[in-house]
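A.B. asks: The structure file data.tsv (TSV, N, CA and C atoms) is provided below.
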chain	number	residue	atom	x	y	z
A	1	MET	N	-61.45	54.05	-217.12
A	1	MET	CA	-62.75	54.66	-217.01
A	1	MET	C	-63.44	54.25	-215.71
A	2	LEU	N	-63.89	52.99	-215.60
A	2	LEU	CA	-64.48	52.52	-214.34
A	2	LEU	C	-63.34	52.04	-213.46
A	3	ARG	N	-63.14	52.69	-212.32
A	3	ARG	CA	-61.97	52.39	-211.50
A	3	ARG	C	-62.25	51.52	-210.30
A	4	GLY	N	-63.49	51.36	-209.92
A	4	GLY	CA	-63.79	50.51	-208.78
A	4	GLY	C	-65.17	50.77	-208.24
A	5	LEU	N	-65.66	49.83	-207.51
A	5	LEU	CA	-66.97	49.93	-206.89
A	5	LEU	C	-66.89	50.92	-205.73
A	6	THR	N	-67.79	51.89	-205.69
A	6	THR	CA	-67.79	52.82	-204.57
A	6	THR	C	-68.95	52.56	-203.62
A	7	THR	N	-70.18	52.64	-204.12
A	7	THR	CA	-71.34	52.44	-203.26
A	7	THR	C	-72.39	51.62	-203.98
A	8	VAL	N	-72.92	50.62	-203.31
A	8	VAL	CA	-74.09	49.89	-203.78
A	8	VAL	C	-75.25	50.41	-202.97
A	9	SER	N	-76.32	50.84	-203.63
A	9	SER	CA	-77.48	51.42	-202.94
A	9	SER	C	-78.65	50.45	-202.99
A	10	PHE	N	-79.24	50.20	-201.82
A	10	PHE	CA	-80.45	49.39	-201.71
A	10	PHE	C	-81.56	50.27	-201.16
A	11	TRP	N	-82.77	50.04	-201.64
A	11	TRP	CA	-83.94	50.81	-201.23
A	11	TRP	C	-84.74	50.03	-200.20
A	12	ALA	N	-85.42	50.74	-199.31
A	12	ALA	CA	-86.25	50.08	-198.30
A	12	ALA	C	-87.44	50.97	-197.95
A	13	ASP	N	-88.62	50.35	-197.87
A	13	ASP	CA	-89.80	51.08	-197.41
A	13	ASP	C	-89.67	51.41	-195.93
A	14	ASP	N	-89.02	50.53	-195.18
A	14	ASP	CA	-88.83	50.72	-193.74
A	14	ASP	C	-87.32	50.77	-193.48
A	15	LEU	N	-86.76	51.97	-193.52
A	15	LEU	CA	-85.32	52.13	-193.36
A	15	LEU	C	-84.83	51.65	-192.00
A	16	THR	N	-85.60	51.86	-190.96
A	16	THR	CA	-85.21	51.41	-189.63
A	16	THR	C	-85.07	49.89	-189.59
A	17	ALA	N	-86.04	49.18	-190.17
A	17	ALA	CA	-85.97	47.72	-190.22
A	17	ALA	C	-84.80	47.26	-191.09
A	18	ALA	N	-84.56	47.94	-192.20
A	18	ALA	CA	-83.44	47.57	-193.07
A	18	ALA	C	-82.10	47.76	-192.36
A	19	LYS	N	-81.95	48.88	-191.64
A	19	LYS	CA	-80.71	49.10	-190.88
A	19	LYS	C	-80.51	47.99	-189.85
A	20	ALA	N	-81.57	47.62	-189.15
A	20	ALA	CA	-81.46	46.56	-188.14
A	20	ALA	C	-81.10	45.23	-188.79
A	21	TRP	N	-81.71	44.91	-189.93
A	21	TRP	CA	-81.44	43.64	-190.60
A	21	TRP	C	-80.00	43.57	-191.08
A	22	TYR	N	-79.52	44.63	-191.72
A	22	TYR	CA	-78.15	44.63	-192.22
A	22	TYR	C	-77.13	44.73	-191.09
A	23	THR	N	-77.46	45.39	-190.00
A	23	THR	CA	-76.58	45.41	-188.83
A	23	THR	C	-76.42	43.99	-188.29
A	24	GLU	N	-77.52	43.25	-188.21
A	24	GLU	CA	-77.47	41.86	-187.76
A	24	GLU	C	-76.65	41.00	-188.72
A	25	LEU	N	-76.89	41.15	-190.01
A	25	LEU	CA	-76.18	40.36	-191.00
A	25	LEU	C	-74.68	40.65	-190.99
A	26	LEU	N	-74.32	41.93	-190.98
A	26	LEU	CA	-72.92	42.33	-191.12
A	26	LEU	C	-72.15	42.34	-189.80
A	27	GLY	N	-72.87	42.41	-188.69
A	27	GLY	CA	-72.21	42.45	-187.39
A	27	GLY	C	-71.58	43.80	-187.09
A	28	LEU	N	-72.10	44.86	-187.72
A	28	LEU	CA	-71.61	46.21	-187.43
A	28	LEU	C	-72.69	47.23	-187.73
A	29	GLU	N	-72.55	48.38	-187.11
A	29	GLU	CA	-73.51	49.49	-187.27
A	29	GLU	C	-73.13	50.32	-188.49
A	30	PRO	N	-74.09	51.06	-189.06
A	30	PRO	CA	-73.73	51.99	-190.13
A	30	PRO	C	-72.68	52.98	-189.62
A	31	TYR	N	-71.74	53.35	-190.48
A	31	TYR	CA	-70.72	54.31	-190.07
A	31	TYR	C	-71.15	55.74	-190.39
A	32	PHE	N	-72.17	55.89	-191.23
A	32	PHE	CA	-72.60	57.21	-191.67
A	32	PHE	C	-74.11	57.19	-191.82
A	33	GLU	N	-74.78	58.20	-191.28
A	33	GLU	CA	-76.24	58.28	-191.40
A	33	GLU	C	-76.69	59.71	-191.61
A	34	ARG	N	-77.73	59.85	-192.41
A	34	ARG	CA	-78.45	61.10	-192.63
A	34	ARG	C	-79.93	60.72	-192.67
A	35	PRO	N	-80.83	61.67	-192.50
A	35	PRO	CA	-82.25	61.31	-192.63
A	35	PRO	C	-82.50	60.64	-193.99
A	36	GLY	N	-83.08	59.45	-193.94
A	36	GLY	CA	-83.39	58.72	-195.16
A	36	GLY	C	-82.25	57.90	-195.72
A	37	TYR	N	-81.10	57.85	-195.02
A	37	TYR	CA	-79.92	57.17	-195.57
A	37	TYR	C	-79.04	56.63	-194.46
A	38	ALA	N	-78.52	55.42	-194.67
A	38	ALA	CA	-77.53	54.82	-193.77
A	38	ALA	C	-76.51	54.10	-194.62
A	39	GLU	N	-75.24	54.14	-194.20
A	39	GLU	CA	-74.19	53.55	-195.01
A	39	GLU	C	-73.24	52.72	-194.15
A	40	PHE	N	-72.92	51.53	-194.66
A	40	PHE	CA	-71.98	50.62	-194.03
A	40	PHE	C	-70.71	50.58	-194.88
A	41	ARG	N	-69.55	50.44	-194.26
A	41	ARG	CA	-68.31	50.14	-194.96
A	41	ARG	C	-67.99	48.68	-194.64
A	42	ILE	N	-67.80	47.90	-195.71
A	42	ILE	CA	-67.63	46.47	-195.50
A	42	ILE	C	-66.53	45.89	-196.39
A	43	GLY	N	-65.96	44.81	-195.92
A	43	GLY	CA	-65.04	44.03	-196.72
A	43	GLY	C	-63.61	44.52	-196.73
A	44	ASP	N	-62.80	43.80	-197.50
A	44	ASP	CA	-61.36	44.06	-197.58
A	44	ASP	C	-61.03	45.45	-198.10
A	45	TYR	N	-61.89	45.99	-198.96
A	45	TYR	CA	-61.63	47.30	-199.57
A	45	TYR	C	-62.54	48.39	-199.01
A	46	GLN	N	-63.29	48.07	-197.96
A	46	GLN	CA	-64.19	49.03	-197.32
A	46	GLN	C	-65.18	49.64	-198.31
A	47	HIS	N	-65.75	48.78	-199.17
A	47	HIS	CA	-66.78	49.23	-200.10
A	47	HIS	C	-68.00	49.67	-199.30
A	48	GLU	N	-68.81	50.51	-199.91
A	48	GLU	CA	-69.95	51.08	-199.21
A	48	GLU	C	-71.26	50.44	-199.65
A	49	LEU	N	-72.06	50.08	-198.66
A	49	LEU	CA	-73.42	49.60	-198.89
A	49	LEU	C	-74.35	50.63	-198.28
A	50	GLY	N	-75.10	51.31	-199.14
A	50	GLY	CA	-76.01	52.35	-198.69
A	50	GLY	C	-77.44	51.87	-198.67
A	51	LEU	N	-78.16	52.19	-197.61
A	51	LEU	CA	-79.59	51.90	-197.50
A	51	LEU	C	-80.32	53.22	-197.59
A	52	ILE	N	-81.29	53.30	-198.50
A	52	ILE	CA	-81.98	54.55	-198.77
A	52	ILE	C	-83.48	54.35	-198.64
A	53	ASP	N	-84.13	55.29	-197.98
A	53	ASP	CA	-85.59	55.27	-197.90
A	53	ASP	C	-86.14	55.26	-199.32
A	54	ARG	N	-87.05	54.32	-199.60
A	54	ARG	CA	-87.60	54.17	-200.95
A	54	ARG	C	-88.28	55.44	-201.46
A	55	ALA	N	-88.66	56.34	-200.57
A	55	ALA	CA	-89.26	57.61	-201.00
A	55	ALA	C	-88.30	58.40	-201.89
A	56	TYR	N	-87.00	58.14	-201.80
A	56	TYR	CA	-86.00	58.85	-202.59
A	56	TYR	C	-85.60	58.09	-203.86
A	57	ALA	N	-86.22	56.94	-204.11
A	57	ALA	CA	-85.85	56.13	-205.27
A	57	ALA	C	-86.23	56.84	-206.57
A	58	PRO	N	-85.41	56.67	-207.60
A	58	PRO	CA	-85.78	57.27	-208.88
A	58	PRO	C	-87.03	56.60	-209.45
A	59	ALA	N	-87.73	57.32	-210.29
A	59	ALA	CA	-88.94	56.76	-210.91
A	59	ALA	C	-88.54	55.57	-211.77
A	60	GLY	N	-89.37	54.58	-211.81
A	60	GLY	CA	-89.10	53.40	-212.62
A	60	GLY	C	-90.25	52.44	-212.52
A	61	PRO	N	-90.09	51.29	-213.10
A	61	PRO	CA	-91.17	50.30	-213.05
A	61	PRO	C	-91.49	49.92	-211.60
A	62	ALA	N	-92.75	49.85	-211.30
A	62	ALA	CA	-93.20	49.50	-209.95
A	62	ALA	C	-93.83	48.11	-209.97
A	63	THR	N	-93.07	47.14	-210.41
A	63	THR	CA	-93.60	45.79	-210.55
A	63	THR	C	-93.62	45.04	-209.24
A	64	GLY	N	-92.83	45.48	-208.28
A	64	GLY	CA	-92.72	44.75	-207.03
A	64	GLY	C	-91.79	43.56	-207.12
A	65	GLU	N	-91.23	43.31	-208.30
A	65	GLU	CA	-90.31	42.21	-208.51
A	65	GLU	C	-88.89	42.73	-208.57
A	66	PRO	N	-87.93	41.94	-208.09
A	66	PRO	CA	-86.53	42.37	-208.18
A	66	PRO	C	-86.12	42.50	-209.65
A	67	GLY	N	-85.19	43.38	-209.90
A	67	GLY	CA	-84.72	43.55	-211.26
A	67	GLY	C	-83.42	44.32	-211.28
A	68	GLY	N	-82.84	44.46	-212.46
A	68	GLY	CA	-81.61	45.22	-212.60
A	68	GLY	C	-80.38	44.36	-212.42
A	69	ALA	N	-79.28	44.99	-212.14
A	69	ALA	CA	-78.00	44.30	-211.99
A	69	ALA	C	-77.93	43.56	-210.66
A	70	ILE	N	-77.16	42.48	-210.65
A	70	ILE	CA	-76.86	41.80	-209.40
A	70	ILE	C	-75.40	42.09	-209.07
A	71	VAL	N	-75.16	42.67	-207.92
A	71	VAL	CA	-73.80	42.90	-207.44
A	71	VAL	C	-73.43	41.71	-206.56
A	72	TYR	N	-72.33	41.06	-206.89
A	72	TYR	CA	-71.87	39.92	-206.11
A	72	TYR	C	-70.77	40.37	-205.16
A	73	TRP	N	-70.95	40.09	-203.89
A	73	TRP	CA	-69.94	40.36	-202.87
A	73	TRP	C	-69.15	39.07	-202.65
A	74	HIS	N	-67.83	39.17	-202.64
A	74	HIS	CA	-67.02	37.99	-202.39
A	74	HIS	C	-67.21	37.53	-200.94
A	75	VAL	N	-67.35	36.24	-200.76
A	75	VAL	CA	-67.42	35.61	-199.43
A	75	VAL	C	-66.52	34.39	-199.45
A	76	ASP	N	-66.10	33.95	-198.29
A	76	ASP	CA	-65.23	32.78	-198.21
A	76	ASP	C	-65.98	31.47	-198.38
A	77	ASP	N	-67.28	31.44	-198.05
A	77	ASP	CA	-68.06	30.22	-198.11
A	77	ASP	C	-69.48	30.57	-198.55
A	78	VAL	N	-69.79	30.35	-199.83
A	78	VAL	CA	-71.10	30.73	-200.36
A	78	VAL	C	-72.21	29.96	-199.66
A	79	ARG	N	-72.04	28.66	-199.46
A	79	ARG	CA	-73.09	27.85	-198.82
A	79	ARG	C	-73.41	28.39	-197.42
A	80	ALA	N	-72.39	28.63	-196.61
A	80	ALA	CA	-72.62	29.12	-195.25
A	80	ALA	C	-73.27	30.51	-195.27
A	81	THR	N	-72.82	31.36	-196.19
A	81	THR	CA	-73.39	32.71	-196.29
A	81	THR	C	-74.84	32.65	-196.75
A	82	LEU	N	-75.12	31.81	-197.73
A	82	LEU	CA	-76.49	31.65	-198.21
A	82	LEU	C	-77.38	31.14	-197.08
A	83	ASP	N	-76.92	30.15	-196.33
A	83	ASP	CA	-77.70	29.63	-195.21
A	83	ASP	C	-77.98	30.73	-194.18
A	84	ARG	N	-76.98	31.56	-193.90
A	84	ARG	CA	-77.17	32.65	-192.93
A	84	ARG	C	-78.19	33.65	-193.44
A	85	LEU	N	-78.09	34.03	-194.71
A	85	LEU	CA	-79.04	34.98	-195.29
A	85	LEU	C	-80.47	34.43	-195.22
A	86	LEU	N	-80.63	33.16	-195.56
A	86	LEU	CA	-81.96	32.55	-195.51
A	86	LEU	C	-82.49	32.48	-194.09
A	87	SER	N	-81.60	32.22	-193.12
A	87	SER	CA	-82.03	32.15	-191.72
A	87	SER	C	-82.49	33.51	-191.20
A	88	LEU	N	-82.03	34.59	-191.82
A	88	LEU	CA	-82.42	35.94	-191.43
A	88	LEU	C	-83.65	36.44	-192.19
A	89	GLY	N	-84.23	35.59	-193.03
A	89	GLY	CA	-85.47	35.95	-193.71
A	89	GLY	C	-85.33	36.33	-195.17
A	90	ALA	N	-84.13	36.26	-195.73
A	90	ALA	CA	-83.97	36.50	-197.16
A	90	ALA	C	-84.59	35.33	-197.92
A	91	LYS	N	-84.95	35.56	-199.17
A	91	LYS	CA	-85.53	34.52	-200.03
A	91	LYS	C	-84.56	34.21	-201.16
A	92	GLU	N	-84.40	32.94	-201.47
A	92	GLU	CA	-83.50	32.55	-202.55
A	92	GLU	C	-83.97	33.17	-203.87
A	93	TYR	N	-83.05	33.79	-204.58
A	93	TYR	CA	-83.32	34.36	-205.90
A	93	TYR	C	-82.65	33.50	-206.96
A	94	GLU	N	-81.40	33.17	-206.72
A	94	GLU	CA	-80.64	32.27	-207.60
A	94	GLU	C	-79.97	31.24	-206.69
A	95	PRO	N	-80.16	29.96	-206.95
A	95	PRO	CA	-79.56	28.95	-206.07
A	95	PRO	C	-78.04	28.93	-206.17
A	96	LEU	N	-77.42	28.24	-205.25
A	96	LEU	CA	-75.98	28.02	-205.30
A	96	LEU	C	-75.65	27.41	-206.66
A	97	THR	N	-74.76	28.08	-207.40
A	97	THR	CA	-74.47	27.67	-208.77
A	97	THR	C	-72.97	27.66	-209.02
A	98	PRO	N	-72.36	26.50	-209.24
A	98	PRO	CA	-70.96	26.46	-209.64
A	98	PRO	C	-70.80	27.09	-211.03
A	99	ARG	N	-69.80	27.95	-211.18
A	99	ARG	CA	-69.58	28.65	-212.45
A	99	ARG	C	-68.28	28.24	-213.12
A	100	GLY	N	-67.56	27.31	-212.53
A	100	GLY	CA	-66.28	26.88	-213.04
A	100	GLY	C	-65.31	26.79	-211.88
A	101	PRO	N	-64.11	26.26	-212.10
A	101	PRO	CA	-63.14	26.13	-211.01
A	101	PRO	C	-62.86	27.47	-210.32
A	102	GLY	N	-63.12	27.52	-209.02
A	102	GLY	CA	-62.85	28.72	-208.23
A	102	GLY	C	-63.96	29.75	-208.22
A	103	PHE	N	-65.13	29.43	-208.81
A	103	PHE	CA	-66.21	30.39	-208.90
A	103	PHE	C	-67.55	29.73	-208.57
A	104	VAL	N	-68.24	30.25	-207.55
A	104	VAL	CA	-69.56	29.77	-207.15
A	104	VAL	C	-70.38	31.00	-206.81
A	105	THR	N	-71.64	31.05	-207.27
A	105	THR	CA	-72.50	32.19	-206.97
A	105	THR	C	-73.81	31.74	-206.36
A	106	ALA	N	-74.50	32.68	-205.72
A	106	ALA	CA	-75.88	32.53	-205.27
A	106	ALA	C	-76.39	33.95	-205.05
A	107	SER	N	-77.69	34.10	-205.03
A	107	SER	CA	-78.25	35.41	-204.69
A	107	SER	C	-79.57	35.24	-203.98
A	108	VAL	N	-79.92	36.25	-203.20
A	108	VAL	CA	-81.16	36.27	-202.44
A	108	VAL	C	-81.85	37.61	-202.66
A	109	THR	N	-83.11	37.63	-202.31
A	109	THR	CA	-83.83	38.89	-202.21
A	109	THR	C	-83.95	39.18	-200.72
A	110	ASP	N	-83.46	40.34	-200.29
A	110	ASP	CA	-83.55	40.68	-198.88
A	110	ASP	C	-85.00	40.98	-198.52
A	111	PRO	N	-85.34	41.13	-197.24
A	111	PRO	CA	-86.72	41.37	-196.86
A	111	PRO	C	-87.29	42.70	-197.38
A	112	PHE	N	-86.46	43.50	-198.05
A	112	PHE	CA	-86.87	44.82	-198.52
A	112	PHE	C	-86.96	44.88	-200.04
A	113	GLY	N	-86.75	43.71	-200.70
A	113	GLY	CA	-86.92	43.62	-202.14
A	113	GLY	C	-85.67	43.82	-202.97
A	114	ASN	N	-84.50	43.90	-202.34
A	114	ASN	CA	-83.24	44.10	-203.06
A	114	ASN	C	-82.55	42.77	-203.30
A	115	VAL	N	-81.88	42.63	-204.45
A	115	VAL	CA	-81.14	41.42	-204.75
A	115	VAL	C	-79.72	41.57	-204.23
A	116	LEU	N	-79.29	40.60	-203.42
A	116	LEU	CA	-77.95	40.58	-202.84
A	116	LEU	C	-77.25	39.32	-203.35
A	117	GLY	N	-76.17	39.51	-204.11
A	117	GLY	CA	-75.42	38.39	-204.64
A	117	GLY	C	-74.19	38.10	-203.79
A	118	VAL	N	-73.86	36.82	-203.67
A	118	VAL	CA	-72.64	36.40	-202.97
A	118	VAL	C	-71.88	35.45	-203.89
A	119	MET	N	-70.56	35.48	-203.78
A	119	MET	CA	-69.75	34.72	-204.71
A	119	MET	C	-68.41	34.36	-204.10
A	120	GLN	N	-67.98	33.13	-204.34
A	120	GLN	CA	-66.59	32.77	-204.13
A	120	GLN	C	-65.94	33.02	-205.48
A	121	ASN	N	-64.89	33.86	-205.48
A	121	ASN	CA	-64.31	34.33	-206.72
A	121	ASN	C	-62.80	34.25	-206.61
A	122	GLN	N	-62.20	33.31	-207.31
A	122	GLN	CA	-60.75	33.12	-207.23
A	122	GLN	C	-59.98	34.35	-207.68
A	123	HIS	N	-60.50	35.09	-208.66
A	123	HIS	CA	-59.81	36.32	-209.10
A	123	HIS	C	-59.72	37.33	-207.96
A	124	TYR	N	-60.80	37.45	-207.18
A	124	TYR	CA	-60.80	38.37	-206.04
A	124	TYR	C	-59.70	37.99	-205.06
A	125	VAL	N	-59.62	36.68	-204.74
A	125	VAL	CA	-58.61	36.19	-203.81
A	125	VAL	C	-57.22	36.46	-204.34
A	126	ASP	N	-56.99	36.22	-205.63
A	126	ASP	CA	-55.69	36.45	-206.24
A	126	ASP	C	-55.29	37.93	-206.18
A	127	VAL	N	-56.20	38.81	-206.48
A	127	VAL	CA	-55.91	40.26	-206.43
A	127	VAL	C	-55.61	40.67	-205.00
A	128	LEU	N	-56.42	40.21	-204.06
A	128	LEU	CA	-56.21	40.56	-202.66
A	128	LEU	C	-54.85	40.05	-202.18
A	129	ARG	N	-54.52	38.83	-202.51
A	129	ARG	CA	-53.24	38.25	-202.13
A	129	ARG	C	-52.08	39.06	-202.71
A	130	GLY	N	-52.22	39.54	-203.94
A	130	GLY	CA	-51.18	40.32	-204.60
A	130	GLY	C	-50.99	41.71	-204.01
A	131	ARG	N	-52.00	42.23	-203.31
A	131	ARG	CA	-51.91	43.57	-202.71
A	131	ARG	C	-51.30	43.54	-201.33
A	132	ARG	N	-51.19	42.35	-200.73
A	132	ARG	CA	-50.68	42.26	-199.36
A	132	ARG	C	-49.20	42.09	-199.33
Take the structure in this file and express it as structure tokens.
C.D. replies:
Amino acid sequence: MLRGLTTVSFWADDLTAAKAWYTELLGLEPYFERPGYAEFRIGDYQHELGLIDRAYAPAGPATGEPGGAIVYWHVDDVRATLDRLLSLGAKEYEPLTPRGPGFVTASVTDPFGNVLGVMQNQHYVDVLRGRR
């Protein structure tokens, strides 16, 4: 049924600022853009991270607080990635948390109000190693 992650969408009041922030973080430009939308392909599987002008967001609670699911992106070093995110102006949402042997998570709120999770995940490494 669910075959894989295709696109994670983040909303931003200032799409230009969000594109600049994520370009700085990721070290690459969006590969696809339309008015109100920019998309990056990232990682080993070229998953898509889409930035969308908040004017196109579906109706929902307007609490101003982060909410919903946290998508965790695999990284090689959670501490270094968390430090980099914080240095770029993200705010800690969930501290660095060991989850068991081979698993560590953390998450931040980006400057645009989206929750970005990072994780060292041994299962991810094992699957990637098996595909090579």
A.B. asks: From the set A:Gly89, A:Gly43, A:Tyr31, A:Leu82, which residue has the shortest atom-to-atom contact distance to Phe112 in chain A, counting all atoms listed in the file?
C.D. replies: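 Smallest separation from Phe112 in chain A among the options: A:Gly89.
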A.B. asks: Tell me which protein, DNA and RNA residues are within 7 Å of range 102-107 of chain A, counting all atoms listed in the file, leaving out same-chain ones fewer than 4 positions away, and put them as a list in words.
C.D. replies: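 Near range 102-107 of chain A, the qualifying residues are Val78, Lys91, Glu92, Tyr93, Glu94, Pro95, Leu96, Thr97, Pro98, Val115, Leu116, Gly117, Val118, Met119, Gln120, Asn121, Gln122 and His123 of chain A.
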A.B. asks: Report the distance between CA of Arg34 in chain A and CA of Gly50 in chain A in Å, rounded to one decimal place.
C.D. replies: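 Between these atoms lies a distance of 10.9 Å.
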A.B. asks: Provide the atom C of Pro101 in chain A to atom N of Val125 in chain A distance in Å, to one decimal place.
C.D. replies: 11.2 Å
A.B. asks: Rounded to one decimal place, report the CA of Glu39 in chain A-CA of Thr6 in chain A distance in Å.
C.D. replies: 11.5 Å
A.B. asks: When you look at His47 in chain A with a cut-off of 7 Å (counting only N, CA and C atoms), what residues show up, excluding the ones that are within fewer than 5 positions of it in the same chain? I need them as a ChimeraX atom specification.
C.D. replies: /A:5-8,40-42
A.B. asks: I need the residue nearest Leu25 in chain A from this list: A:Ala80, A:Phe10, A:Leu85, A:Ala57. Use only N, CA and C atoms for the distance.
C.D. replies: A:Leu85
A.B. asks: So, with only C-alpha atoms as the atoms that count, which of A:Gly100, A:Pro30, A:Gly36, A:Gly130 lies closest to Trp11 in chain A?
C.D. replies: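 Counting only C-alpha atoms, the residue closest to Trp11 in chain A is A:Gly36.
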A.B. asks: Got a sec: who's within 12 Å of Asp44 in chain A, counting only C-alpha atoms, leaving out chain neighbours fewer than 2 positions off, as an mmCIF file with N, CA and C atoms, keeping the file's coordinate frame?
C.D. replies:
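Writing done, so here's selection11.cif:
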data_model
loop_
_atom_site.group_PDB
_atom_site.id
_atom_site.type_symbol
_atom_site.label_atom_id
_atom_site.label_comp_id
_atom_site.auth_asym_id
_atom_site.auth_seq_id
_atom_site.Cartn_x
_atom_site.Cartn_y
_atom_site.Cartn_z
ATOM 1 N N ARG A 41 -69.550 50.440 -194.260
ATOM 2 C CA ARG A 41 -68.310 50.140 -194.960
ATOM 3 C C ARG A 41 -67.990 48.680 -194.640
ATOM 4 N N ILE A 42 -67.800 47.900 -195.710
ATOM 5 C CA ILE A 42 -67.630 46.470 -195.500
ATOM 6 C C ILE A 42 -66.530 45.890 -196.390
ATOM 7 N N GLN A 46 -63.290 48.070 -197.960
ATOM 8 C CA GLN A 46 -64.190 49.030 -197.320
ATOM 9 C C GLN A 46 -65.180 49.640 -198.310
ATOM 10 N N HIS A 47 -65.750 48.780 -199.170
ATOM 11 C CA HIS A 47 -66.780 49.230 -200.100
ATOM 12 C C HIS A 47 -68.000 49.670 -199.300
ATOM 13 N N GLU A 48 -68.810 50.510 -199.910
ATOM 14 C CA GLU A 48 -69.950 51.080 -199.210
ATOM 15 C C GLU A 48 -71.260 50.440 -199.650
ATOM 16 N N TRP A 73 -70.950 40.090 -203.890
ATOM 17 C CA TRP A 73 -69.940 40.360 -202.870
ATOM 18 C C TRP A 73 -69.150 39.070 -202.650
ATOM 19 N N HIS A 74 -67.830 39.170 -202.640
ATOM 20 C CA HIS A 74 -67.020 37.990 -202.390
ATOM 21 C C HIS A 74 -67.210 37.530 -200.940
ATOM 22 N N VAL A 75 -67.350 36.240 -200.760
ATOM 23 C CA VAL A 75 -67.420 35.610 -199.430
ATOM 24 C C VAL A 75 -66.520 34.390 -199.450
ATOM 25 N N ASP A 76 -66.100 33.950 -198.290
ATOM 26 C CA ASP A 76 -65.230 32.780 -198.210
ATOM 27 C C ASP A 76 -65.980 31.470 -198.380
ATOM 28 N N TYR A 124 -60.800 37.450 -207.180
ATOM 29 C CA TYR A 124 -60.800 38.370 -206.040
ATOM 30 C C TYR A 124 -59.700 37.990 -205.060
ATOM 31 N N VAL A 125 -59.620 36.680 -204.740
ATOM 32 C CA VAL A 125 -58.610 36.190 -203.810
ATOM 33 C C VAL A 125 -57.220 36.460 -204.340
ATOM 34 N N VAL A 127 -56.200 38.810 -206.480
ATOM 35 C CA VAL A 127 -55.910 40.260 -206.430
ATOM 36 C C VAL A 127 -55.610 40.670 -205.000
ATOM 37 N N LEU A 128 -56.420 40.210 -204.060
ATOM 38 C CA LEU A 128 -56.210 40.560 -202.660
ATOM 39 C C LEU A 128 -54.850 40.050 -202.180
ATOM 40 N N ARG A 129 -54.520 38.830 -202.510
ATOM 41 C CA ARG A 129 -53.240 38.250 -202.130
ATOM 42 C C ARG A 129 -52.080 39.060 -202.710
ATOM 43 N N ARG A 131 -52.000 42.230 -203.310
ATOM 44 C CA ARG A 131 -51.910 43.570 -202.710
ATOM 45 C C ARG A 131 -51.300 43.540 -201.330
ATOM 46 N N ARG A 132 -51.190 42.350 -200.730
ATOM 47 C CA ARG A 132 -50.680 42.260 -199.360
ATOM 48 C C ARG A 132 -49.200 42.090 -199.330
#
